[in-house]
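Okay, so here's the structure we're looking at.
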Amino acid sequence: MKLSEQQIEQLYTFTRQHYVEWYDLQTELVDHLANAIEAEWKQNPKLTFEEALHLEFKKFGVFGFMDVVEKREAVLNKKYSRLVLSELKNFFSIPKIVLTFLAIGIVFYMLKSFQESFLILQILFVLTALACLIGLWSLSRNIKRNNKQSGKKWLFKDIIFGYGSFTGFINLPIQFSIHFEGINYSEWFLLVCSFLLIVFILLEYIVLVLIPSKAEEYLLATYPEYEIAS
Amino acid sequence: MKNSQLYKGSLNTIIMRLLEEKGRMYGYEITQKVKEITQGELNITEGALYPALHKLEAEGLLDVEVEKVDNRMRKYYKLTEKGTTETVNRLAELEEFIKNMQNIVNPKLSY
């Protein structure tokens, strides 16, 4: 006996009730449970749908789907980090590296000449942090609206639009602005600062603009079902 | 899983070996196939199988395909080119391991 469409829907609801928020994982688990229930019915045709489901769910252990969800999150977070790093690497290879070094040079020159009027620099750093906050806020608004419209959540999409592990980087320019005091720093120190600031701005651009703009491409590559389902 | 500690380290190799043989498989099919081959001795738990599959996929060793089967979507896994090469390596490693274990458990004394 095969499961009806309504029973499949029930399975989706079941996974949601057991803390599987994301459609990609729900789909895989629903197929697994459905196969298992159908196999169970072959041996024991008298079981009701609920009884068979209960039996199969028990096999996942006391933590239910949690293990599967957690590990999947870890894997996709890692994938995202690798994506960000590989985009960052692009800025340090020909031809973009010319512009990157030019930017670092300009910041270095500014730091050197404006050391005393550090207020200007502090403002610059704060602005960078603010831009990051605004960008994160706008991304998270987009994804919420998007999820509401489609009624489906995709884990990798959520990571791209604001759950990324790079959000902690916002602290960097804030620390810069707090600790910059306008004392005569050595040129090496200023050079490192310039480098870090540019890397931060690049990361901000990659995380907030570049990757979200290519999101569909990444999602299609991650989820073959993305096109069918959305 | 029976004697889970002993089998745990080989789960990835088991999955890859099966995929090498069958081309493409879905999660439930893998658990059943392993049970069938080992006559019920080895029972891969769902909580271990899917994380392993997802990890192999992220490492670029597996590729996924999705198809609609019986009014639901089914996710198939298959080896990538990199995965096929890696399977050969891992199988060789596993065989070496089995050989060494045999020598330790059942030493042939030459003197």
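Residues are referred to by chain and number: the chain letter is A, B, ... according to the order shown in the structure tokens, the number counts from 1 in that chain, and ligands are numbered separately from 1 in the order shown.
All chain B residues having an atom within 7 Å of chain A, based on only C-alpha atoms, amount to Gly27, Tyr28, Thr45, Glu46, Gly47, Tyr50, Pro51, His54, Lys55, Ala58, Glu65, Val66, Asn71, Arg72, Met73, Arg74 and Lys75 of chain B.
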Those selected residues, please, written with N, CA and C atoms and delivered as a PDB file, in the first residue's frame.
```
ATOM      1  N   GLY B  27      18.413   7.516   0.764  1.00  0.00           N
ATOM      2  CA  GLY B  27      18.756   7.179   2.143  1.00  0.00           C
ATOM      3  C   GLY B  27      18.178   5.868   2.637  1.00  0.00           C
ATOM      4  N   TYR B  28      16.863   5.740   2.513  1.00  0.00           N
ATOM      5  CA  TYR B  28      16.216   4.543   3.046  1.00  0.00           C
ATOM      6  C   TYR B  28      16.742   3.278   2.366  1.00  0.00           C
ATOM      7  N   THR B  45      21.823   3.414  11.687  1.00  0.00           N
ATOM      8  CA  THR B  45      20.736   4.244  12.208  1.00  0.00           C
ATOM      9  C   THR B  45      20.555   5.474  11.334  1.00  0.00           C
ATOM     10  N   GLU B  46      19.304   5.948  11.317  1.00  0.00           N
ATOM     11  CA  GLU B  46      18.969   7.121  10.515  1.00  0.00           C
ATOM     12  C   GLU B  46      19.760   8.332  10.991  1.00  0.00           C
ATOM     13  N   GLY B  47      19.939   8.407  12.316  1.00  0.00           N
ATOM     14  CA  GLY B  47      20.638   9.552  12.897  1.00  0.00           C
ATOM     15  C   GLY B  47      22.106   9.603  12.501  1.00  0.00           C
ATOM     16  N   TYR B  50      22.145  10.071   7.616  1.00  0.00           N
ATOM     17  CA  TYR B  50      21.959  11.349   6.923  1.00  0.00           C
ATOM     18  C   TYR B  50      23.089  12.336   7.171  1.00  0.00           C
ATOM     19  N   PRO B  51      23.548  12.494   8.430  1.00  0.00           N
ATOM     20  CA  PRO B  51      24.714  13.363   8.610  1.00  0.00           C
ATOM     21  C   PRO B  51      25.916  12.919   7.773  1.00  0.00           C
ATOM     22  N   HIS B  54      25.280  13.919   4.163  1.00  0.00           N
ATOM     23  CA  HIS B  54      25.396  15.367   3.963  1.00  0.00           C
ATOM     24  C   HIS B  54      26.849  15.821   3.993  1.00  0.00           C
ATOM     25  N   LYS B  55      27.624  15.150   4.839  1.00  0.00           N
ATOM     26  CA  LYS B  55      29.035  15.529   4.947  1.00  0.00           C
ATOM     27  C   LYS B  55      29.779  15.151   3.656  1.00  0.00           C
ATOM     28  N   ALA B  58      28.941  17.602   1.038  1.00  0.00           N
ATOM     29  CA  ALA B  58      29.634  18.883   1.205  1.00  0.00           C
ATOM     30  C   ALA B  58      31.104  18.782   0.821  1.00  0.00           C
ATOM     31  N   GLU B  65      20.495  14.201  -6.735  1.00  0.00           N
ATOM     32  CA  GLU B  65      19.470  14.344  -7.764  1.00  0.00           C
ATOM     33  C   GLU B  65      18.139  14.213  -7.052  1.00  0.00           C
ATOM     34  N   VAL B  66      17.148  14.965  -7.513  1.00  0.00           N
ATOM     35  CA  VAL B  66      15.831  14.842  -6.891  1.00  0.00           C
ATOM     36  C   VAL B  66      14.805  14.469  -7.944  1.00  0.00           C
ATOM     37  N   ASN B  71       3.999  10.562  -5.542  1.00  0.00           N
ATOM     38  CA  ASN B  71       3.565  11.838  -4.952  1.00  0.00           C
ATOM     39  C   ASN B  71       4.464  12.405  -3.842  1.00  0.00           C
ATOM     40  N   ARG B  72       5.728  12.077  -3.854  1.00  0.00           N
ATOM     41  CA  ARG B  72       6.661  12.756  -2.949  1.00  0.00           C
ATOM     42  C   ARG B  72       8.015  12.902  -3.644  1.00  0.00           C
ATOM     43  N   MET B  73       8.863  13.765  -3.053  1.00  0.00           N
ATOM     44  CA  MET B  73      10.171  13.969  -3.690  1.00  0.00           C
ATOM     45  C   MET B  73      11.212  13.053  -3.082  1.00  0.00           C
ATOM     46  N   ARG B  74      12.036  12.506  -3.935  1.00  0.00           N
ATOM     47  CA  ARG B  74      13.069  11.591  -3.446  1.00  0.00           C
ATOM     48  C   ARG B  74      14.449  12.113  -3.821  1.00  0.00           C
ATOM     49  N   LYS B  75      15.328  12.106  -2.825  1.00  0.00           N
ATOM     50  CA  LYS B  75      16.682  12.623  -3.052  1.00  0.00           C
ATOM     51  C   LYS B  75      17.632  11.445  -3.250  1.00  0.00           C
TER      52      LYS B  75
END
```
If DSSP is run on the backbone, what residues of chain B are alpha helix (DSSP H)? A reply as a PyMOL selection string would be ideal.
chain B and resi 4-8+11-22+27-37+46-58+81-105
Output the selection as a compact mmCIF listing (two decimals), in the first residue's frame - C-alpha atoms for each residue.
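See out03.txt below for the written result:
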```txt
# COMPACT_ATOMS: atom_id res chain seq x y z
CA SER B 4 28.68 0.50 16.69
CA GLN B 5 32.14 1.59 17.80
CA LEU B 6 33.78 -0.87 15.43
CA TYR B 7 31.63 0.03 12.45
CA LYS B 8 31.45 3.75 13.02
CA LEU B 11 30.29 4.16 7.64
CA ASN B 12 31.48 6.56 4.93
CA THR B 13 33.36 3.81 3.14
CA ILE B 14 30.32 1.53 3.32
CA ILE B 15 28.12 4.22 1.75
CA MET B 16 30.64 4.97 -0.98
CA ARG B 17 31.13 1.30 -1.79
CA LEU B 18 27.37 0.79 -2.17
CA LEU B 19 27.05 3.83 -4.41
CA GLU B 20 29.95 2.65 -6.52
CA GLU B 21 28.12 -0.60 -7.10
CA LYS B 22 24.56 0.68 -7.51
CA GLY B 27 18.76 7.18 2.14
CA TYR B 28 16.22 4.54 3.05
CA GLU B 29 17.47 2.26 0.29
CA ILE B 30 20.99 2.40 1.75
CA THR B 31 19.85 1.35 5.23
CA GLN B 32 17.90 -1.57 3.75
CA LYS B 33 20.69 -2.67 1.46
CA VAL B 34 23.22 -2.78 4.30
CA LYS B 35 20.79 -4.76 6.42
CA GLU B 36 20.23 -7.18 3.55
CA ILE B 37 23.93 -7.71 2.76
CA GLU B 46 18.97 7.12 10.52
CA GLY B 47 20.64 9.55 12.90
CA ALA B 48 24.04 8.47 11.59
CA LEU B 49 23.26 7.91 7.93
CA TYR B 50 21.96 11.35 6.92
CA PRO B 51 24.71 13.36 8.61
CA ALA B 52 27.25 11.10 6.88
CA LEU B 53 25.57 11.60 3.49
CA HIS B 54 25.40 15.37 3.96
CA LYS B 55 29.04 15.53 4.95
CA LEU B 56 30.16 13.51 1.94
CA GLU B 57 28.04 15.76 -0.26
CA ALA B 58 29.63 18.88 1.20
CA GLU B 81 34.27 11.88 -10.14
CA LYS B 82 36.26 12.87 -7.08
CA GLY B 83 34.12 10.50 -5.04
CA THR B 84 34.86 7.57 -7.35
CA THR B 85 38.60 8.06 -7.01
CA GLU B 86 38.29 8.51 -3.27
CA THR B 87 36.27 5.27 -2.98
CA VAL B 88 39.16 3.31 -4.45
CA ASN B 89 41.55 4.87 -1.91
CA ARG B 90 39.28 4.31 1.03
CA LEU B 91 38.55 0.71 0.09
CA ALA B 92 42.27 0.01 -0.18
CA GLU B 93 42.75 1.62 3.21
CA LEU B 94 39.95 -0.45 4.72
CA GLU B 95 41.32 -3.66 3.27
CA GLU B 96 44.73 -2.86 4.69
CA PHE B 97 43.08 -2.24 8.04
CA ILE B 98 41.26 -5.58 7.92
CA LYS B 99 44.50 -7.35 7.04
CA ASN B 100 46.36 -5.72 9.91
CA MET B 101 43.57 -6.49 12.34
CA GLN B 102 43.61 -10.11 11.24
CA ASN B 103 47.32 -10.28 11.85
CA ILE B 104 46.88 -8.82 15.31
CA VAL B 105 43.88 -10.92 16.31
```
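Counting only C-alpha atoms, the residue from A:Phe156, A:Tyr80, A:Phe125, A:Phe91 that sits nearest to His179 of chain A is A:Phe125.
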Shell around segment 196-205 of chain A at 8 Å using only C-alpha atoms, local window under 5 positions removed, as number ranges by chain:
A: 84, 88, 100, 103-104, 128, 132, 169, 172-173, 210
If you count only C-alpha atoms, which residues fall within 8 Å of segment 139-154 of chain A, apart from same-chain ones fewer than 2 positions away, as a list of chain:residue names?
A:Glu21, A:Trp22, A:Tyr23, A:Asp24, A:Gly135, A:Leu136, A:Trp137, A:Phe156, A:Lys157, A:Asp158, A:Phe161, A:Gly162, A:Leu208, A:Ser230
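Distances from B:Asn43, B:Met25, B:Lys108, B:Thr38 to Glu67 of chain B were compared using only C-alpha atoms, and the smallest one belongs to B:Met25.
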To one decimal place in Å, what is the distance between atom CA of Tyr218 of chain A and atom CA of Tyr76 of chain B?
19.1 Å
